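Next up, target_18.cif (mmCIF, C-alpha atoms):
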```
data_final
loop_
_atom_site.label_atom_id
_atom_site.label_comp_id
_atom_site.auth_asym_id
_atom_site.auth_seq_id
_atom_site.Cartn_x
_atom_site.Cartn_y
_atom_site.Cartn_z
CA MET M 296 39.92 -31.45 -28.41
CA LYS M 297 40.96 -28.80 -25.94
CA LYS M 298 38.07 -26.84 -24.48
CA ARG M 299 38.28 -23.08 -24.90
CA TYR M 300 37.97 -21.27 -21.60
CA SER M 301 37.79 -17.61 -20.73
CA LEU M 302 38.01 -16.63 -17.07
CA ARG M 303 37.06 -13.02 -17.83
CA THR M 304 33.76 -13.91 -19.51
CA ASN M 305 32.79 -16.39 -16.81
CA ARG M 306 33.44 -13.89 -14.05
CA ARG M 307 31.25 -11.32 -15.80
CA LEU M 308 28.35 -13.75 -15.89
CA GLN M 309 28.82 -15.03 -12.37
CA VAL M 310 26.04 -14.21 -9.89
CA PRO M 311 27.14 -14.14 -6.22
CA ILE M 312 25.48 -16.81 -4.10
CA ALA M 313 24.33 -14.19 -1.57
CA LEU M 314 22.56 -12.33 -4.36
CA ARG M 315 20.88 -15.54 -5.54
CA ILE M 316 19.62 -16.17 -2.00
CA GLY M 317 18.56 -12.53 -1.69
CA VAL M 318 16.57 -12.72 -4.91
CA LEU M 319 14.90 -15.94 -3.77
CA VAL M 320 13.93 -14.29 -0.48
CA GLY M 321 12.74 -11.19 -2.39
CA ALA M 322 10.65 -13.33 -4.73
CA ALA M 323 9.13 -15.10 -1.72
CA VAL M 324 8.31 -11.74 -0.11
CA VAL M 325 6.71 -10.50 -3.35
CA GLY M 326 4.71 -13.75 -3.51
CA MET M 327 3.50 -13.23 0.04
CA LEU M 328 2.58 -9.61 -0.72
CA LEU M 329 0.65 -10.88 -3.76
CA LEU M 330 -1.28 -13.21 -1.50
CA VAL M 331 -1.91 -10.38 0.99
CA ARG M 332 -3.17 -8.15 -1.83
CA VAL M 333 -5.65 -10.84 -2.88
CA VAL M 334 -6.83 -11.65 0.65
CA ALA M 335 -6.74 -8.15 2.21
CA PRO M 336 -6.36 -5.55 -0.55
CA GLY M 337 -5.90 -2.57 1.78
CA ALA M 338 -3.28 -4.04 4.10
CA ILE M 339 -0.42 -3.66 1.66
CA THR M 340 -0.86 0.09 1.27
CA THR M 341 -0.69 0.53 5.05
CA LEU M 342 2.45 -1.60 5.14
CA ILE M 343 4.22 0.36 2.41
CA THR M 344 3.11 3.86 3.49
CA PRO M 345 6.35 4.78 5.38
CA LEU M 346 8.34 4.20 2.17
CA TRP M 347 5.97 6.38 0.13
CA VAL M 348 6.05 9.13 2.77
CA ALA M 349 9.87 8.97 2.79
CA GLY M 350 9.86 9.19 -1.03
CA ASN M 351 7.59 12.24 -0.98
CA SER M 352 9.77 13.96 1.62
CA MET M 353 12.89 13.17 -0.40
CA SER M 354 11.34 14.58 -3.60
CA THR M 355 10.35 17.77 -1.79
CA TRP M 356 13.81 18.10 -0.25
CA VAL M 357 15.55 17.59 -3.58
CA GLY M 358 13.19 20.08 -5.25
CA THR M 359 13.99 22.71 -2.60
CA ALA M 360 17.72 22.04 -2.30
CA PHE M 361 18.41 22.10 -6.03
CA SER M 362 16.23 25.07 -6.94
CA PHE M 363 18.42 27.49 -8.88
CA THR M 364 15.92 30.37 -9.09
CA SER M 365 17.42 33.69 -8.02
CA THR M 366 16.10 35.56 -5.00
CA SER M 367 15.10 38.64 -7.00
CA SER M 368 13.00 36.65 -9.49
CA LEU M 369 11.35 34.83 -6.58
CA GLU M 370 10.52 38.21 -5.03
CA VAL M 371 8.90 39.35 -8.30
CA ASP M 372 6.93 36.08 -8.55
CA ARG M 373 5.78 36.45 -4.95
CA SER M 374 4.55 40.02 -5.51
CA GLN M 375 2.67 38.94 -8.64
CA ALA M 376 1.15 35.96 -6.84
CA GLN M 377 0.01 38.18 -3.95
CA ALA M 378 -1.65 40.61 -6.36
CA GLU M 379 -3.37 37.68 -8.12
CA VAL M 380 -4.58 36.26 -4.80
CA VAL M 381 -6.21 39.58 -3.89
CA ALA M 382 -7.93 39.82 -7.30
CA LEU M 383 -9.05 36.20 -7.30
CA THR M 384 -10.32 36.37 -3.71
CA ALA M 385 -12.53 39.30 -4.64
CA ARG M 386 -13.75 37.52 -7.77
CA ASN M 387 -14.35 34.32 -5.80
CA ALA M 388 -16.43 36.20 -3.22
CA LEU M 389 -18.50 37.76 -6.00
CA LEU M 390 -19.07 34.40 -7.71
CA SER M 391 -19.87 32.68 -4.40
CA ALA M 392 -22.53 35.31 -3.72
CA ARG M 393 -24.02 34.77 -7.19
CA VAL M 394 -24.01 30.98 -6.72
CA ALA M 395 -25.74 31.36 -3.37
CA ASP M 396 -28.38 33.61 -4.98
CA LEU M 397 -28.94 31.10 -7.79
CA GLU M 398 -29.21 28.20 -5.34
CA ARG M 399 -31.74 30.16 -3.32
CA LEU M 400 -33.78 30.91 -6.46
CA THR M 401 -33.62 27.39 -7.95
CA GLY M 402 -33.79 25.52 -4.65
CA ALA M 403 -30.74 23.46 -5.58
CA ALA M 404 -28.60 22.18 -2.73
CA GLY M 405 -24.98 23.26 -2.48
CA GLN M 406 -22.03 20.92 -2.79
CA PRO M 407 -21.84 18.48 0.16
CA PRO M 408 -18.78 18.72 2.41
CA GLY M 409 -15.64 16.78 1.51
CA ILE M 410 -12.80 15.13 3.38
CA ALA M 411 -9.34 16.55 2.67
CA ALA M 412 -6.74 13.86 2.07
CA SER M 413 -3.03 13.96 1.44
CA VAL M 414 -1.73 12.17 -1.67
CA LEU M 415 0.90 9.54 -0.85
CA VAL M 416 1.48 8.24 -4.39
CA ARG M 417 0.75 9.82 -7.74
CA PRO M 418 1.95 9.39 -11.31
CA PRO M 419 4.74 9.19 -12.43
CA VAL M 420 5.93 7.07 -9.45
CA SER M 421 2.97 4.86 -10.28
CA PRO M 422 2.93 3.77 -13.94
CA TYR M 423 -0.87 3.86 -13.84
CA ASP M 424 -3.16 6.83 -13.26
CA ILE M 425 -3.95 6.12 -9.63
CA LEU M 426 -3.54 8.01 -6.38
CA VAL M 427 -3.05 6.54 -2.93
CA ILE M 428 -4.48 8.86 -0.27
CA ASP M 429 -4.06 8.84 3.50
CA ARG M 430 -7.76 8.50 4.36
CA GLY M 431 -9.79 5.31 4.41
CA GLY M 432 -12.72 3.46 5.91
CA ASN M 433 -12.05 4.93 9.38
CA ASP M 434 -12.92 8.35 7.88
CA ASN M 435 -16.17 7.01 6.34
CA ILE M 436 -14.70 6.77 2.86
CA THR M 437 -16.36 4.14 0.72
CA SER M 438 -15.68 2.76 -2.73
CA GLY M 439 -17.11 4.84 -5.57
CA MET M 440 -16.89 8.22 -3.84
CA LEU M 441 -16.06 11.20 -6.03
CA VAL M 442 -12.60 12.74 -5.58
CA LEU M 443 -11.97 16.41 -6.32
CA GLY M 444 -8.66 18.11 -6.98
CA PRO M 445 -7.75 21.65 -5.91
CA GLY M 446 -10.41 24.07 -7.09
CA GLY M 447 -13.13 21.42 -6.99
CA THR M 448 -12.26 19.76 -10.31
CA PRO M 449 -13.30 16.07 -10.33
CA VAL M 450 -10.29 13.80 -10.86
CA GLY M 451 -11.63 10.28 -10.26
CA ASN M 452 -13.38 7.85 -7.95
CA VAL M 453 -12.29 5.85 -4.92
CA SER M 454 -11.68 2.30 -6.13
CA GLU M 455 -10.28 0.48 -3.10
CA VAL M 456 -10.56 1.25 0.60
CA SER M 457 -8.61 0.03 3.63
CA PRO M 458 -9.13 1.32 7.18
CA SER M 459 -6.59 4.13 6.83
CA ARG M 460 -5.74 4.35 3.10
CA SER M 461 -7.63 4.47 -0.20
CA ARG M 462 -6.81 4.11 -3.86
CA VAL M 463 -8.29 6.58 -6.33
CA LEU M 464 -8.68 5.57 -9.96
CA LEU M 465 -8.33 8.70 -12.09
CA TYR M 466 -10.64 9.33 -15.02
CA SER M 467 -7.55 9.46 -17.22
CA ALA M 468 -6.42 5.88 -16.42
CA VAL M 469 -6.01 3.76 -19.54
CA GLY M 470 -9.13 1.65 -20.10
CA VAL M 471 -11.43 3.83 -17.98
CA ALA M 472 -14.50 5.20 -19.78
CA THR M 473 -16.38 8.16 -18.30
CA THR M 474 -19.54 9.70 -19.62
CA GLY M 475 -19.56 13.46 -19.89
CA TRP M 476 -20.38 16.43 -22.07
CA VAL M 477 -18.39 18.73 -24.30
CA GLY M 478 -18.87 22.31 -25.42
CA ASP M 479 -21.50 24.91 -24.65
CA GLN M 480 -24.13 22.71 -26.32
CA ARG M 481 -23.29 19.92 -23.81
CA VAL M 482 -22.79 17.27 -26.51
CA PRO M 483 -22.74 13.84 -24.74
CA VAL M 484 -19.42 12.01 -25.08
CA THR M 485 -17.64 9.01 -23.64
CA LEU M 486 -14.23 10.10 -22.42
CA MET M 487 -11.56 7.43 -22.77
CA GLY M 488 -8.56 7.64 -20.45
CA ARG M 489 -5.21 7.73 -22.25
CA GLY M 490 -2.92 7.85 -19.23
CA ALA M 491 -0.77 10.70 -17.84
CA GLY M 492 -3.90 12.77 -17.20
CA ALA M 493 -5.08 12.91 -20.83
CA PHE M 494 -8.39 11.88 -22.41
CA SER M 495 -9.80 11.40 -25.86
CA ALA M 496 -13.38 11.31 -27.11
CA THR M 497 -15.18 10.77 -30.38
CA VAL M 498 -18.00 13.08 -31.46
CA PRO M 499 -19.95 13.54 -34.70
CA ARG M 500 -18.36 16.04 -37.07
CA GLU M 501 -21.57 18.10 -37.10
CA ALA M 502 -21.46 18.58 -33.31
CA GLY M 503 -19.54 21.80 -33.85
CA VAL M 504 -16.96 21.23 -31.13
CA VAL M 505 -13.99 23.60 -31.42
CA VAL M 506 -10.55 23.75 -29.83
CA GLY M 507 -10.88 25.27 -26.38
CA SER M 508 -14.36 23.85 -25.70
CA GLY M 509 -14.89 22.79 -22.09
CA VAL M 510 -15.33 19.15 -21.12
CA TYR M 511 -17.62 18.29 -18.22
CA VAL M 512 -18.48 15.23 -16.14
CA ALA M 513 -21.42 14.57 -13.84
CA ALA M 514 -20.62 15.67 -10.28
CA ALA M 515 -22.73 18.19 -8.38
CA GLY M 516 -24.12 19.33 -11.75
CA ALA M 517 -21.82 19.43 -14.75
CA ALA M 518 -18.31 19.89 -13.39
CA PRO M 519 -15.55 21.05 -15.79
CA ILE M 520 -12.54 18.70 -15.94
CA GLY M 521 -10.61 19.91 -18.96
CA SER M 522 -10.66 21.47 -22.39
CA VAL M 523 -10.25 20.30 -25.97
CA VAL M 524 -6.68 20.95 -27.15
CA SER M 525 -6.82 19.41 -30.61
CA ILE M 526 -9.27 17.82 -33.02
CA ASP M 527 -8.12 14.99 -35.27
CA ALA M 528 -10.37 14.78 -38.31
CA ASP M 529 -10.25 12.21 -41.09
CA PRO M 530 -12.00 13.57 -44.22
CA SER M 531 -13.57 10.16 -44.90
CA SER M 532 -14.93 9.73 -41.36
CA PRO M 533 -18.23 11.16 -40.04
CA THR M 534 -16.67 11.54 -36.60
CA VAL M 535 -13.73 13.48 -35.16
CA LEU M 536 -11.37 12.57 -32.36
CA LEU M 537 -11.01 15.11 -29.56
CA GLN M 538 -7.83 15.29 -27.51
CA VAL M 539 -8.61 16.63 -24.05
CA ARG M 540 -6.19 18.18 -21.57
CA PRO M 541 -7.30 18.16 -17.91
CA TYR M 542 -7.41 21.28 -15.75
CA THR M 543 -5.79 19.36 -12.90
CA ASN M 544 -2.32 17.95 -13.44
CA PRO M 545 -2.19 14.54 -11.67
CA PHE M 546 1.61 14.72 -11.56
CA SER M 547 1.51 17.63 -9.11
CA LEU M 548 -1.46 16.69 -6.91
CA THR M 549 -0.49 16.90 -3.25
CA TRP M 550 -3.95 16.84 -1.72
CA VAL M 551 -7.49 16.03 -2.80
CA SER M 552 -10.98 16.25 -1.37
CA VAL M 553 -13.20 13.16 -1.17
CA LEU M 554 -16.82 14.14 -1.59
CA MET M 555 -19.25 12.67 0.94
CA GLN M 556 -22.36 11.25 -0.72
CA MET N 247 32.34 -5.13 -8.15
CA GLN N 248 30.08 -7.18 -5.91
CA LEU N 249 29.30 -4.15 -3.77
CA LEU N 250 28.27 -2.28 -6.92
CA ARG N 251 25.88 -5.12 -7.80
CA TYR N 252 24.29 -5.00 -4.35
CA CYS N 253 23.97 -1.21 -4.63
CA ILE N 254 22.23 -1.50 -8.02
CA VAL N 255 19.79 -4.05 -6.60
CA ALA N 256 19.07 -1.87 -3.55
CA VAL N 257 18.55 1.32 -5.59
CA SER N 258 16.25 -0.45 -8.07
CA LEU N 259 14.18 -1.80 -5.19
CA VAL N 260 13.86 1.66 -3.60
CA SER N 261 13.05 3.22 -6.98
CA VAL N 262 9.73 1.33 -7.12
CA PHE N 263 8.53 3.45 -4.19
CA VAL N 264 10.32 6.72 -4.84
CA PHE N 265 11.40 7.34 -8.43
CA PRO N 266 9.29 7.93 -11.55
CA TRP N 267 8.30 4.85 -13.55
CA ALA N 268 10.70 5.72 -16.38
CA ILE N 269 13.69 5.58 -14.02
CA THR N 270 12.40 2.40 -12.38
CA ARG N 271 12.16 0.82 -15.83
CA MET N 272 15.73 1.80 -16.64
CA LEU N 273 16.94 0.34 -13.34
CA MET N 274 14.95 -2.83 -14.04
CA ALA N 275 16.91 -3.19 -17.27
CA ILE N 276 20.25 -2.60 -15.53
CA VAL N 277 19.44 -4.96 -12.68
CA GLY N 278 18.44 -7.61 -15.22
CA LEU N 279 22.05 -7.65 -16.40
CA VAL N 280 23.13 -8.45 -12.84
CA PHE N 281 20.58 -11.24 -12.42
CA PRO N 282 17.75 -11.54 -15.00
CA PRO N 283 14.90 -12.76 -12.73
CA LEU N 284 15.25 -9.57 -10.71
CA SER N 285 13.60 -7.61 -13.54
CA LEU N 286 10.55 -9.83 -13.31
CA VAL N 287 10.44 -9.63 -9.51
CA LEU N 288 10.53 -5.83 -9.66
CA GLY N 289 7.87 -5.78 -12.39
CA ILE N 290 5.56 -7.91 -10.28
CA LEU N 291 6.24 -5.66 -7.29
CA VAL N 292 5.25 -2.59 -9.34
CA ASP N 293 1.96 -4.22 -10.35
CA LEU N 294 1.39 -5.43 -6.82
CA LEU N 295 1.61 -1.90 -5.51
CA TYR N 296 -0.04 0.10 -8.26
CA TYR N 297 -2.06 -2.02 -10.71
CA PRO N 298 -5.60 -0.59 -10.61
CA GLY N 299 -7.37 -3.69 -11.99
CA VAL N 300 -8.09 -2.27 -15.45
CA GLY N 301 -5.83 -2.03 -18.46
CA VAL N 302 -2.56 -3.72 -19.29
CA PRO N 303 -0.33 -4.85 -16.34
CA LEU N 304 2.68 -2.79 -17.44
CA GLY N 305 4.97 -3.96 -14.64
CA LEU N 306 4.53 -7.61 -15.51
CA TYR N 307 4.95 -7.06 -19.26
CA TRP N 308 8.06 -4.93 -18.84
CA GLY N 309 9.44 -7.38 -16.27
CA VAL N 310 9.06 -10.35 -18.61
CA GLY N 311 10.41 -8.41 -21.58
CA LEU N 312 13.47 -7.11 -19.74
CA MET N 313 14.18 -10.51 -18.20
CA LEU N 314 14.13 -12.18 -21.62
CA GLY N 315 16.27 -9.37 -23.01
CA ALA N 316 18.78 -9.80 -20.19
CA TYR N 317 18.94 -13.56 -20.82
CA LEU N 318 19.57 -12.85 -24.49
CA VAL N 319 22.41 -10.49 -23.62
CA ARG N 320 23.90 -13.13 -21.30
CA ILE N 321 23.72 -15.75 -24.04
CA LEU N 322 25.48 -13.39 -26.43
CA VAL N 323 28.17 -12.62 -23.84
CA LYS N 324 28.59 -16.32 -23.07
CA THR N 325 29.07 -17.21 -26.71
CA ARG N 326 31.43 -14.23 -26.99
CA MET N 327 29.27 -12.50 -29.56
CA LEU N 328 29.32 -9.38 -27.31
#
```
Transcribe the structure of this file into structure tokens.
Amino acid sequence: MKKRYSLRTNRRLQVPIALRIGVLVGAAVVGMLLLVRVVAPGAITTLITPLWVAGNSMSTWVGTAFSFTSTSSLEVDRSQAQAEVVALTARNALLSARVADLERLTGAAGQPPGIAASVLVRPPVSPYDILVIDRGGNDNITSGMLVLGPGGTPVGNVSEVSPSRSRVLLYSAVGVATTGWVGDQRVPVTLMGRGAGAFSATVPREAGVVVGSGVYVAAAGAAPIGSVVSIDADPSSPTVLLQVRPYTNPFSLTWVSVLMQ
Amino acid sequence: MQLLRYCIVAVSLVSVFVFPWAITRMLMAIVGLVFPPLSLVLGILVDLLYYPGVGVPLGLYWGVGLMLGAYLVRILVKTRML
């Protein structure tokens, strides 16, 4: 029986030999990187940093080059922002003075100094809620240190340190549980990370938590990290599920502060 | 045609470091049609770079899924069902 043959179909499925070799080499490189990650976890981040820096620069360039906002609207925004800065600076000075007075009265120590670090990788480039920052063991950063976003909002903890780079595991990473409090009554909750910066928590129905309640974690005192945006209640359940939105958007973090312990 | 294939492979490799995960995933699917094991290699690379040690290894799962999907598509093309 004559065999049916189609040149067109075969050509479509053909993989060039150079590509096969390239993939084999690529797989070998990935295997080696896997080994390096197991043996020396920090080395790989140092190795890949130039690519991440190039990616960040490219994103910034694209964002600037393809911005279609008109000059006049930018001027209006700038004037508004300047007015807000003046008002917020005055308010910040007032609050700082009150905090200093309270610390003097209660004898509580102020927040220890932090190390500013630039963010090399953030979601959504990473599918997980992690940050890679450009400070590491050489800057006295150790695993477990608290990381604060702009404005002093806690965002996570240092999970892995190499001499010049560190990985930060955000509180919102899937599978991460963080103890905290919710509402003015400081109801204890366990915040479960849901990815993309979001959390959820379960509290008793009688706790009286309402939409807009603040959510706090233990830092230097109770530090606010977000607010309740919705409450999912099942009439047959004694508990309710809180959906929490963070104050700090991990997708736009460009720098963080690592708190010295 | 071959140049296009090389370009797709190069862009998908760069996307792991530069582009959002959603775009990387899409490129993993496209590159799987060029050569299925590439999806798995890219998935492992994603986990190698970013997996935090807790939770589901998304890169690996997507890599395996897309590779199997690409093989399925190739089988369908080979048997002229597509």
Go through chain N residue by residue and, counting only C-alpha atoms, keep those with an atom at most 7 Å from chain M; for each kept residue give the shortest atom pair and its distance in Å to one decimal, ordered by chain and increasing number, as a Markdown table.
```
| residue | atom | partner | partner_atom | distance |
| --- | --- | --- | --- | --- |
| N:Phe263 | CA | M:Trp347 | CA | 5.8 |
| N:Val264 | CA | M:Gly350 | CA | 4.6 |
| N:Phe265 | CA | M:Val420 | CA | 5.6 |
| N:Pro266 | CA | M:Val420 | CA | 4.1 |
| N:Trp267 | CA | M:Val420 | CA | 5.2 |
| N:Phe281 | CA | M:Val310 | CA | 6.7 |
| N:Leu284 | CA | M:Val318 | CA | 6.7 |
| N:Val287 | CA | M:Ala322 | CA | 6.0 |
| N:Leu291 | CA | M:Val325 | CA | 6.3 |
| N:Leu294 | CA | M:Leu329 | CA | 6.3 |
| N:Tyr296 | CA | M:Ser421 | CA | 6.0 |
| N:Tyr297 | CA | M:Tyr423 | CA | 6.8 |
| N:Pro298 | CA | M:Leu464 | CA | 6.9 |
| N:Val300 | CA | M:Gly470 | CA | 6.2 |
| N:Gly301 | CA | M:Gly470 | CA | 5.2 |
| N:Lys324 | CA | M:Thr304 | CA | 6.7 |
```
Selection dump of the PyMOL selection byres ((chain N and resi 272-278) around 7), as an mmCIF file with C-alpha atoms, in the coordinates of the input:
```
data_model
loop_
_atom_site.group_PDB
_atom_site.id
_atom_site.type_symbol
_atom_site.label_atom_id
_atom_site.label_comp_id
_atom_site.auth_asym_id
_atom_site.auth_seq_id
_atom_site.Cartn_x
_atom_site.Cartn_y
_atom_site.Cartn_z
ATOM 1 C CA ILE N 254 22.230 -1.500 -8.020
ATOM 2 C CA VAL N 255 19.790 -4.050 -6.600
ATOM 3 C CA SER N 258 16.250 -0.450 -8.070
ATOM 4 C CA ALA N 268 10.700 5.720 -16.380
ATOM 5 C CA ILE N 269 13.690 5.580 -14.020
ATOM 6 C CA THR N 270 12.400 2.400 -12.380
ATOM 7 C CA ARG N 271 12.160 0.820 -15.830
ATOM 8 C CA LEU N 279 22.050 -7.650 -16.400
ATOM 9 C CA VAL N 280 23.130 -8.450 -12.840
ATOM 10 C CA PHE N 281 20.580 -11.240 -12.420
ATOM 11 C CA PRO N 282 17.750 -11.540 -15.000
ATOM 12 C CA PRO N 283 14.900 -12.760 -12.730
ATOM 13 C CA LEU N 284 15.250 -9.570 -10.710
ATOM 14 C CA SER N 285 13.600 -7.610 -13.540
ATOM 15 C CA LEU N 288 10.530 -5.830 -9.660
ATOM 16 C CA LEU N 312 13.470 -7.110 -19.740
ATOM 17 C CA MET N 313 14.180 -10.510 -18.200
ATOM 18 C CA ALA N 316 18.780 -9.800 -20.190
#
```
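Picture a line from atom CA of Asp429 of chain M to atom CA of Leu295 of chain N; it runs 15.1 Å.
Pairwise distance (atom CA of Gly309 of chain N, atom CA of Arg326 of chain N) equals 25.4 Å.
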> Written as a list in words, what is the full residue list that the PyMOL selection byres ((chain M and resi 475) around 9) yields on the file shown?
Replying inline: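 What the PyMOL selection byres ((chain M and resi 475) around 9) grabs from the file is Thr473, Thr474, Trp476, Val477, Arg481, Val482, Pro483, Val484, Thr485, Leu486, Val510, Tyr511, Val512, Ala513 and Ala517 of chain M.
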> Hey, what comes out of the PyMOL selection byres ((chain M and resi 496-507) around 12) on this file? Could you write it as a ChimeraX atom specification?
Replying inline: /M:467,471-489,493-495,508-510,521-542
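Residue nearest Val260 of chain N within the list N:Ile321, N:Leu286, N:Met247, N:Val292: N:Val292 [criterion: smallest interatomic distance, all atoms listed in the file].
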